[in-house]
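*Asks:* Could you have a look at this structure, given as structure tokens, before my questions?
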Amino acid sequence: MSLVDEVFGSIPTPLIDQWGVDIVYIKVSEHQAYDPEFGEILGIPVEVPARALISSPKPKDELEGFYQQGDLKFLIPASYLASYYPKTTDSIRYTEAGVSRTAKIVMVKSYRGDNPIMHTVFGRTS
């Protein structure tokens with residue numbers, strides 16, 4: 001572990017456990033196949049229950065500024081995903097005003113020393 005991991009590694013999980021909301025992180029199947037007959041991607045996704053802080057990114061404040069109105073920023077402690085790094089092929093299911101919604105991941109930032117301690121994931125709902 002690096003000094004960053006030792007100093008900050010234990011901070012995200014208890015804070016987000018206390019102040020965050022329940023989400024389901026949906027990992028893509030590692031063994032996907034394309035079915036040209038039906039135009040579908042086949043594979044079984046893995047659902048991981050987690051907690052996250054959800055906010056709205058501001059294009060002028062975020063790196064690259066390509067976000068659209070309605071995009072969301074999810075702060076997820078790495079402890080929920082173990083050694084898995086989020087990918088833009090994944091998605092997140094969350095509840096907003098009693099309605100279940102799914103956000104497709106459009107960008108990922110991971111904060112780490114030797115191991116990730118937190119992921120910032122930007123999602124887009126359709």
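Just so we're on the same page: first chain in the structure tokens is A, next is B, and so on; residues restart at 1 for each chain, and ligands are numbered from 1 in the order they show up.
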Extract, using only C-alpha atoms, all DNA, RNA and protein residues at most 9 Å from Thr89 in chain A, discarding same-chain residues fewer than 3 positions from it, and format them as a list of chain:residue names.
*Replies:*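 Here the qualifying residues turn out to be A:Lys27, A:Val28, A:Pro86, A:Lys104, A:Ile105, A:Val106.
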*Asks:* How would the residues just chosen look if you wrote them out with N, CA and C atoms as a tab-separated table (two decimals), in the first residue's frame?
*Replies:*
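Final file, again-v6.tsv:
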chain	number	residue	atom	x	y	z
A	27	LYS	N	-22.40	-4.78	-13.47
A	27	LYS	CA	-21.18	-5.08	-14.24
A	27	LYS	C	-21.57	-5.85	-15.49
A	28	VAL	N	-20.92	-5.53	-16.59
A	28	VAL	CA	-21.16	-6.30	-17.81
A	28	VAL	C	-20.60	-7.70	-17.63
A	86	PRO	N	-14.63	0.27	-12.50
A	86	PRO	CA	-15.81	0.54	-13.33
A	86	PRO	C	-15.43	0.76	-14.79
A	104	LYS	N	-26.49	4.83	-17.61
A	104	LYS	CA	-25.40	4.23	-18.37
A	104	LYS	C	-24.13	5.01	-18.06
A	105	ILE	N	-23.07	4.34	-17.71
A	105	ILE	CA	-21.82	5.02	-17.36
A	105	ILE	C	-21.17	5.60	-18.62
A	106	VAL	N	-20.82	6.89	-18.54
A	106	VAL	CA	-20.19	7.56	-19.68
A	106	VAL	C	-18.74	7.95	-19.41
*Asks:* Need the shell around range 96-98 of chain A: protein/DNA/RNA residues with any atom at most 12 Å away, counting only C-alpha atoms. Skip same-chain ones fewer than 2 positions apart. Format as a PyMOL selection string?
*Replies:* chain A and resi 21-23+54-55+72+93-94+100-103+125
*Asks:* Filtering to C-alpha atoms, could you give me those residues as a JSON list (two decimals), in the first residue's frame?
*Replies:*
[["chain", "number", "residue", "atom", "x", "y", "z"],
["A", 21, "VAL", "CA", -28.14, 6.07, -0.98],
["A", 22, "ASP", "CA", -28.58, 2.48, -2.06],
["A", 23, "ILE", "CA", -27.66, 1.66, -5.66],
["A", 54, "ILE", "CA", -25.31, 11.13, -6.16],
["A", 55, "SER", "CA", -25.00, 14.69, -7.43],
["A", 72, "LEU", "CA", -25.35, 12.33, -12.67],
["A", 93, "ARG", "CA", -29.62, 1.37, -11.04],
["A", 94, "TYR", "CA", -30.90, 3.80, -8.41],
["A", 100, "SER", "CA", -36.26, 2.95, -10.37],
["A", 101, "ARG", "CA", -33.90, 4.44, -12.96],
["A", 102, "THR", "CA", -30.80, 3.18, -14.75],
["A", 103, "ALA", "CA", -27.83, 5.36, -15.67],
["A", 125, "THR", "CA", -30.11, 8.31, -18.03]]
*Asks:* As a PyMOL selection string, please: the residues near Val46 in chain A (cut-off 10 Å, only C-alpha atoms, same-chain neighbours under 4 positions excluded).
*Replies:* chain A and resi 24-30+90
*Asks:* With a distance cut-off of 8 Å and only C-alpha atoms, select the neighbouring residues of Ile16 in chain A, excluding the residue or stretch itself and same-chain residues fewer than 2 positions from it, and output the selection as a PDB file with C-alpha atoms, in the first residue's frame.
*Replies:*
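out-v3.pdb, freshly written:
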ATOM      1  CA  PRO A  12     -14.875   6.889   1.819  1.00  0.00           C
ATOM      2  CA  THR A  13     -16.795   3.789   2.933  1.00  0.00           C
ATOM      3  CA  PRO A  14     -18.094   4.947   6.370  1.00  0.00           C
ATOM      4  CA  GLN A  18     -23.855   7.166   6.424  1.00  0.00           C
ATOM      5  CA  TRP A  19     -24.759   9.834   3.841  1.00  0.00           C
ATOM      6  CA  GLY A  20     -25.223   7.901   0.604  1.00  0.00           C
ATOM      7  CA  VAL A  21     -28.141   6.073  -0.976  1.00  0.00           C
ATOM      8  CA  ARG A  51     -24.105   2.812  -1.653  1.00  0.00           C
ATOM      9  CA  ALA A  52     -23.142   6.055  -3.359  1.00  0.00           C
ATOM     10  CA  LEU A  53     -23.443   9.800  -3.126  1.00  0.00           C
ATOM     11  CA  ILE A  76     -18.687   4.983  -4.914  1.00  0.00           C
ATOM     12  CA  PRO A  77     -16.206   3.624  -2.352  1.00  0.00           C
TER      13      PRO A  77
END
*Asks:* I want to know what sits within 9 Å of Ala33 in chain A, based on only C-alpha atoms, with residues of the same chain fewer than 2 positions away left out; could you give that as a ChimeraX atom specification?
*Replies:* /A:31,35,40-43
*Asks:* Please dump the current selection as a PDB file, in the first residue's frame; keep C-alpha atoms.
*Replies:*
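Written output follows (again.pdb):
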ATOM      1  CA  HIS A  31     -18.027 -13.288 -21.611  1.00  0.00           C
ATOM      2  CA  ASP A  35     -26.079 -12.328 -31.822  1.00  0.00           C
ATOM      3  CA  GLU A  40     -28.471  -8.420 -29.187  1.00  0.00           C
ATOM      4  CA  ILE A  41     -25.456  -8.665 -26.936  1.00  0.00           C
ATOM      5  CA  LEU A  42     -25.620 -11.884 -24.956  1.00  0.00           C
ATOM      6  CA  GLY A  43     -24.150 -12.330 -21.502  1.00  0.00           C
TER       7      GLY A  43
END
